[in-house]
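**Student:** One file: my_file-v9.cif (mmCIF, C-alpha atoms).
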data_coords
loop_
_atom_site.label_atom_id
_atom_site.label_comp_id
_atom_site.auth_asym_id
_atom_site.auth_seq_id
_atom_site.Cartn_x
_atom_site.Cartn_y
_atom_site.Cartn_z
CA MET A 10 -47.38 49.46 57.89
CA ALA A 11 -50.91 50.43 58.84
CA ARG A 12 -51.00 52.93 55.99
CA CYS A 13 -49.84 50.27 53.51
CA ARG A 14 -52.50 47.85 54.73
CA SER A 15 -55.19 50.52 54.41
CA TYR A 16 -54.02 51.22 50.87
CA LEU A 17 -54.17 47.51 49.96
CA ARG A 18 -57.64 47.21 51.44
CA GLY A 19 -58.93 50.19 49.47
CA LEU A 20 -57.34 48.81 46.31
CA ALA A 21 -58.95 45.42 46.93
CA ILE A 22 -62.37 47.05 47.27
CA CYS A 23 -61.87 48.97 44.00
CA VAL A 24 -60.76 45.86 42.11
CA THR A 25 -63.67 43.76 43.37
CA VAL A 26 -66.03 46.55 42.32
CA LEU A 27 -64.41 46.45 38.86
CA LEU A 28 -64.96 42.70 38.86
CA LEU A 29 -68.62 43.33 39.65
CA VAL A 30 -68.84 45.78 36.74
CA SER A 31 -67.22 43.25 34.41
CA GLY A 32 -69.82 40.69 35.45
CA VAL A 33 -72.61 43.13 34.63
CA VAL A 34 -71.00 43.81 31.23
CA MET A 35 -70.78 40.07 30.58
CA ILE A 36 -74.48 39.70 31.33
CA GLY A 37 -75.38 42.67 29.13
CA VAL A 38 -73.36 41.49 26.15
CA GLY A 39 -74.34 37.86 26.66
CA PHE A 40 -78.06 38.56 26.50
CA SER A 41 -77.94 41.32 23.89
CA SER A 42 -78.71 40.61 20.25
CA ILE A 43 -75.37 41.62 18.73
CA ASP A 44 -76.01 39.07 16.01
CA SER A 45 -79.14 40.83 14.82
CA ASN A 46 -78.07 40.63 11.18
CA MET A 47 -79.42 37.32 9.87
CA LEU A 48 -76.46 36.67 7.61
CA VAL A 49 -74.01 37.36 10.42
CA ALA A 50 -76.00 35.22 12.83
CA GLU A 51 -75.99 32.37 10.33
CA LEU A 52 -72.19 32.26 10.14
CA SER A 53 -71.11 33.49 13.56
CA SER A 54 -70.56 31.21 16.56
CA SER A 55 -72.86 31.53 19.59
CA ASP A 56 -70.50 29.75 22.01
CA GLY A 57 -69.14 33.06 23.28
CA LEU A 58 -72.62 34.30 24.13
CA LEU A 59 -73.33 31.15 26.14
CA VAL A 60 -70.08 31.60 28.06
CA LEU A 61 -70.99 35.19 28.97
CA GLN A 62 -74.55 34.25 29.88
CA VAL A 63 -73.37 31.57 32.32
CA PHE A 64 -70.30 33.19 33.85
CA GLY A 65 -71.74 36.72 34.02
CA PRO A 66 -74.21 36.02 36.86
CA VAL A 67 -71.63 33.88 38.67
CA THR A 68 -69.14 36.74 38.52
CA VAL A 69 -71.69 39.21 39.90
CA ILE A 70 -72.52 36.93 42.85
CA LEU A 71 -68.88 36.27 43.70
CA SER A 72 -68.02 39.95 43.28
CA VAL A 73 -70.68 40.96 45.82
CA LEU A 74 -69.13 38.43 48.20
CA GLY A 75 -65.69 39.90 47.58
CA VAL A 76 -66.84 43.50 48.08
CA CYS A 77 -68.45 42.58 51.40
CA ALA A 78 -65.38 40.67 52.54
CA ALA A 79 -63.00 43.50 51.62
CA THR A 80 -65.23 46.21 53.11
CA LEU A 81 -65.79 44.38 56.41
CA ASP A 82 -62.19 43.09 56.47
CA LEU A 83 -63.25 39.48 57.06
CA LYS A 84 -60.08 37.46 56.49
CA PRO A 85 -61.67 33.98 56.22
CA LEU A 86 -64.24 35.32 53.75
CA LEU A 87 -61.47 36.92 51.69
CA VAL A 88 -59.72 33.56 51.41
CA VAL A 89 -62.98 31.82 50.44
CA PHE A 90 -63.68 34.49 47.82
CA SER A 91 -60.17 34.13 46.38
CA ALA A 92 -60.59 30.35 46.10
CA LEU A 93 -64.02 30.58 44.45
CA ILE A 94 -63.04 33.28 41.96
CA PHE A 95 -59.92 31.27 41.06
CA VAL A 96 -62.07 28.22 40.33
CA GLU A 97 -64.32 30.37 38.13
CA PHE A 98 -61.27 31.81 36.37
CA VAL A 99 -59.91 28.35 35.52
CA ALA A 100 -63.33 27.12 34.36
CA LEU A 101 -63.82 30.20 32.16
CA MET A 102 -60.41 29.79 30.55
CA VAL A 103 -61.14 26.14 29.75
CA VAL A 104 -64.61 26.81 28.35
CA ALA A 105 -63.68 29.97 26.41
CA SER A 106 -60.47 28.62 24.84
CA PRO A 107 -62.33 27.37 21.70
CA LEU A 108 -63.20 31.01 20.90
CA VAL A 109 -59.59 31.67 19.97
CA GLN A 110 -59.67 28.74 17.55
CA VAL A 111 -62.94 29.99 16.10
CA GLN A 112 -61.36 33.39 15.49
CA ALA A 113 -58.38 31.76 13.75
CA GLN A 114 -60.60 29.58 11.57
CA MET A 115 -63.11 32.31 10.71
CA ASP A 116 -61.51 33.47 7.45
CA SER A 117 -61.22 30.01 5.92
CA ALA A 118 -64.73 29.06 7.04
CA VAL A 119 -66.21 32.25 5.58
CA ASP A 120 -64.37 31.74 2.28
CA GLU A 121 -65.89 28.27 2.07
CA VAL A 122 -69.35 29.69 2.73
CA PHE A 123 -68.78 32.28 0.01
CA LEU A 124 -68.06 29.50 -2.48
CA ASN A 125 -71.20 27.62 -1.47
CA VAL A 126 -73.56 30.58 -1.96
CA THR A 127 -72.27 31.72 -5.35
CA PRO A 128 -73.62 32.52 -7.88
CA LEU A 129 -75.55 34.89 -5.68
CA HIS A 130 -78.63 35.15 -7.87
CA ARG A 131 -79.30 31.50 -7.02
CA ALA A 132 -78.71 31.89 -3.28
CA GLU A 133 -81.49 31.82 -0.71
CA ARG A 134 -83.75 34.84 -0.66
CA TYR A 135 -82.80 36.05 2.82
CA ILE A 136 -79.08 35.95 1.89
CA GLN A 137 -79.79 38.08 -1.16
CA ASN A 138 -81.83 40.54 0.91
CA GLU A 139 -79.14 40.91 3.58
CA LEU A 140 -76.42 41.25 0.97
CA ASN A 141 -78.44 43.89 -0.88
CA LYS A 142 -78.65 45.89 2.36
CA LEU A 143 -74.90 45.59 2.83
CA GLN A 144 -74.20 46.59 -0.78
CA ALA A 145 -76.43 49.65 -0.49
CA SER A 146 -75.00 50.81 2.85
CA ASP A 147 -71.30 50.14 2.19
CA SER A 148 -71.11 50.76 -1.59
CA CYS A 149 -69.84 47.29 -2.46
CA CYS A 150 -70.91 44.55 -4.85
CA GLY A 151 -70.68 40.78 -4.57
CA LEU A 152 -68.65 38.82 -2.07
CA ARG A 153 -65.36 38.63 -3.97
CA SER A 154 -66.37 40.76 -6.98
CA PHE A 155 -69.45 41.80 -8.92
CA GLU A 156 -69.01 38.63 -11.01
CA ASP A 157 -70.50 36.65 -8.10
CA TRP A 158 -73.90 37.81 -9.38
CA ASP A 159 -73.15 36.52 -12.90
CA ASP A 160 -75.32 38.60 -15.27
CA GLN A 161 -78.10 39.26 -12.70
CA LEU A 162 -76.80 42.38 -10.99
CA PRO A 163 -79.20 43.93 -8.43
CA ALA A 164 -79.83 47.64 -8.24
CA SER A 165 -77.74 47.93 -5.07
CA CYS A 166 -74.60 47.15 -7.13
CA PHE A 167 -75.01 50.05 -9.55
CA CYS A 168 -72.58 52.91 -9.18
CA THR A 169 -72.48 56.42 -10.60
CA PRO A 170 -68.92 57.35 -11.58
CA PRO A 171 -67.78 60.79 -10.41
CA THR A 172 -67.15 61.94 -13.99
CA SER A 173 -68.61 60.90 -17.29
CA PRO A 174 -66.55 58.17 -18.92
CA PRO A 175 -64.69 59.09 -22.11
CA ALA A 176 -66.05 57.89 -25.40
CA SER A 177 -63.18 55.44 -25.78
CA TYR A 178 -64.50 53.53 -22.72
CA HIS A 179 -67.48 52.31 -24.68
CA ASN A 180 -65.19 50.24 -26.87
CA SER A 181 -62.77 49.16 -24.13
CA GLN A 182 -62.59 45.80 -22.40
CA TRP A 183 -64.91 44.74 -19.57
CA GLY A 184 -63.47 45.82 -16.23
CA ASN A 185 -62.29 49.40 -16.86
CA SER A 186 -62.64 51.50 -13.71
CA SER A 187 -63.65 55.07 -13.02
CA SER A 188 -61.13 57.82 -12.35
CA ASP A 189 -61.24 57.34 -8.56
CA GLY A 190 -61.49 53.54 -8.70
CA SER A 191 -64.83 53.38 -6.85
CA CYS A 192 -66.75 52.12 -9.89
CA VAL A 193 -65.95 49.52 -12.47
CA MET A 194 -67.44 48.91 -15.89
CA ALA A 195 -69.52 45.73 -15.91
CA GLY A 196 -70.48 45.72 -19.59
CA SER A 197 -73.74 46.20 -21.46
CA ASP A 198 -74.89 42.60 -21.87
CA LEU A 199 -76.21 42.22 -18.32
CA HIS A 200 -79.78 42.25 -17.13
CA PRO A 201 -80.47 45.39 -15.10
CA PRO A 202 -83.69 45.33 -13.08
CA SER A 203 -84.83 48.67 -14.47
CA PRO A 204 -85.67 49.29 -18.13
CA GLN A 205 -84.43 52.87 -17.73
CA ILE A 206 -80.87 51.60 -17.24
CA THR A 207 -79.34 50.93 -20.62
CA GLY A 208 -75.91 50.99 -22.22
CA ILE A 209 -72.73 50.71 -20.18
CA LEU A 210 -73.31 49.62 -16.57
CA TRP A 211 -71.08 50.78 -13.73
CA VAL A 212 -70.98 48.84 -10.47
CA HIS A 213 -69.15 49.24 -7.17
CA SER A 214 -65.60 47.96 -7.49
CA LYS A 215 -65.22 47.14 -3.80
CA PRO A 216 -66.27 43.58 -2.83
CA CYS A 217 -68.44 42.99 0.22
CA GLY A 218 -66.51 39.94 1.41
CA PRO A 219 -63.92 41.75 3.57
CA ILE A 220 -66.64 43.97 5.06
CA LEU A 221 -68.76 40.92 5.88
CA LYS A 222 -65.75 39.20 7.45
CA SER A 223 -65.21 42.17 9.74
CA TYR A 224 -68.87 42.05 10.77
CA LEU A 225 -68.57 38.34 11.47
CA SER A 226 -65.37 38.63 13.50
CA PHE A 227 -66.49 41.61 15.60
CA PRO A 228 -68.78 39.65 17.97
CA ILE A 229 -66.08 37.06 18.60
CA LYS A 230 -63.40 39.74 19.12
CA LEU A 231 -65.73 41.55 21.53
CA ARG A 232 -66.29 38.38 23.59
CA ILE A 233 -62.58 37.58 23.65
CA GLY A 234 -61.83 41.15 24.77
CA ILE A 235 -64.37 40.98 27.61
CA ILE A 236 -63.03 37.61 28.78
CA SER A 237 -59.44 38.92 28.65
CA ALA A 238 -60.36 41.97 30.72
CA PHE A 239 -62.16 39.72 33.23
CA ALA A 240 -59.08 37.48 33.48
CA THR A 241 -56.80 40.44 34.20
CA ILE A 242 -59.06 41.91 36.87
CA THR A 243 -59.56 38.47 38.42
CA MET A 244 -55.84 37.83 38.83
CA VAL A 245 -55.35 41.22 40.52
CA ALA A 246 -58.36 40.62 42.80
CA ILE A 247 -57.06 37.19 43.83
CA ALA A 248 -53.62 38.60 44.65
CA LEU A 249 -54.98 41.48 46.74
CA CYS A 250 -57.61 39.44 48.60
CA LEU A 251 -55.15 36.65 49.40
CA THR A 252 -52.68 39.23 50.68
CA LEU A 253 -55.28 40.64 53.06
CA GLY A 254 -56.79 37.27 53.96
CA LEU A 255 -53.45 35.68 54.85
CA GLU A 256 -52.10 38.75 56.59
CA ASN A 257 -51.50 36.91 59.87
CA TYR A 258 -49.11 34.52 58.10
CA TRP A 259 -46.94 37.09 56.38
CA LYS A 260 -47.12 40.00 58.79
CA THR A 261 -43.94 40.32 60.87
CA PRO A 262 -44.68 40.94 64.55
CA PRO A 263 -43.17 44.14 65.94
CA VAL A 264 -39.95 43.55 67.88
CA GLU A 265 -37.44 45.66 69.75
CA THR A 266 -33.74 45.03 70.12
CA THR A 267 -31.69 45.38 73.31
CA VAL A 268 -28.00 44.97 74.02
CA ASP A 269 -26.89 43.41 77.30
CA ASP A 270 -23.67 44.00 79.24
CA PHE A 271 -21.85 41.46 77.07
CA ASN A 272 -22.78 43.23 73.81
CA ARG A 273 -25.28 40.52 72.88
CA VAL A 274 -28.30 41.62 70.86
CA LYS A 275 -31.65 40.40 72.13
CA TYR A 276 -34.90 40.55 70.12
CA GLU A 277 -38.09 40.77 72.14
CA PRO A 278 -41.69 41.52 71.08
CA LYS A 279 -42.72 45.06 71.76
CA PRO A 280 -45.18 45.39 74.59
CA SER A 281 -48.75 45.85 73.46
CA LEU A 282 -50.27 49.28 73.95
CA THR A 283 -53.32 47.61 75.42
#
Output the file's structure in the form of structure tokens.

**Tutor:**
Amino acid sequence: MARCRSYLRGLAICVTVLLLVSGVVMIGVGFSSIDSNMLVAELSSSDGLLVLQVFGPVTVILSVLGVCAATLDLKPLLVVFSALIFVEFVALMVVASPLVQVQAQMDSAVDEVFLNVTPLHRAERYIQNELNKLQASDSCCGLRSFEDWDDQLPASCFCTPPTSPPASYHNSQWGNSSSDGSCVMAGSDLHPPSPQITGILWVHSKPCGPILKSYLSFPIKLRIGIISAFATITMVAIALCLTLGLENYWKTPPVETTVDDFNRVKYEPKPSLT
């Protein structure tokens, strides 16, 4: 029994230390600028950051209390810690629950934003700049297709097909793609920004919309993941600390059995070694 109790105590110390680490991670993520991209910051929700910024320090303080209580084996303090961390757990679940709804509504909200900013050549300058960076780094063009730019394609949309197009392509319909599908023919009646670019124009066939959606959803998924990990560790910490704190109520006192001359079994507490 003593070995089992020692094991539970060591496990409680490890879990409370993990809870302390999770609080530090919450603070780090909450105060970091993961929404450094202006376009992502414009569309992404900041509620998750506020949740981490508030509950991170609270978790660290309560975790220090729990580590001290488990290390010193202070039963009343273990019960107090379990009660406080349970209150924080309930409050965090209530406050963070809208994040799940935000994640579910992200796709429809982003699609609506895409409609509002097209045609892209008329969008705000900072949106065009951020989208140009995304197009250059991820080899994509437009939000849903290159047609989002109308006939004002930027240089970041231009693509060099892996092989020279056959002569028949010059007379084919608008939209023919390259052999590997990475480039698509945009036509020759557009307005390239460089006078050196003439004739048939090839642009990236992949749209930037799905890539941008993944960038937008990553901060929210990260916050939900951290909160889920915190919830799991918290439940384990509460169970272990309550088990140790309420030990006197569940621990069975040692007894010994004796049989009298009439074959009656008697249960008596074992005499203390002290």

**Student:** Just to confirm, what's the straight-line distance from CA of Leu108 in chain A to CA of Ile247 in chain A in Å (one decimal)?

**Tutor:**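 Spanning CA of Leu108 in chain A to CA of Ile247 in chain A is a straight-line distance of 24.5 Å.
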
**Student:** Using the chain letters and numbers from the file, give me the residues hit by the PyMOL selection byres ((chain A and resi 65) around 7), as a list of chain:residue names.

**Tutor:**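 On this input, the PyMOL selection byres ((chain A and resi 65) around 7) captures A:Gly32, A:Val33, A:Met35, A:Ile36, A:Leu61, A:Gln62, A:Val63, A:Phe64, A:Pro66, A:Val67, A:Thr68, A:Val69.
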
**Student:** Work out how far apart CA of Val89 in chain A and CA of Ile235 in chain A are and give it in Å to one decimal.

**Tutor:** 24.6 Å

**Student:** Please provide as a PyMOL selection string all residues within 7 Å of range 254-256 of chain A, with the sequence filter that same-chain residues fewer than 4 positions apart are discarded (counting all atoms listed in the file).

**Tutor:** chain A and resi 84-85+87-88+250+260

**Student:** What is the distance, in Å and to one decimal place, between CA of Ser226 in chain A and CA of Val245 in chain A?

**Tutor:**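 Atom-to-atom, CA of Ser226 in chain A and CA of Val245 in chain A are spaced 28.9 Å apart.
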
**Student:** Specify as a PyMOL selection string each residue included when the PyMOL selection byres ((chain A and resi 15-25) around 6) is applied to this file.

**Tutor:** chain A and resi 12-14+26-28+72+76+79+246+249

**Student:** Which polymer residues, whether protein, DNA or RNA, lie within 10 Å of the coordinate (-74.7, 56.5, -8.9) when you count all atoms listed in the file? List them as a count of residues only, using the chain letters and numbers from the file.

**Tutor:** 12

**Student:** Using all atoms listed in the file for the distances, tell me which of A:Ile220, A:Cys149, A:Ala164, A:Ile229 is nearest to Ser191 in chain A.

**Tutor:** A:Cys149

**Student:** From the set A:Leu162, A:Val38, A:Ile236, A:Cys77, which residue has the shortest atom-to-atom contact distance to Val99 in chain A, counting all atoms listed in the file?

**Tutor:** A:Ile236
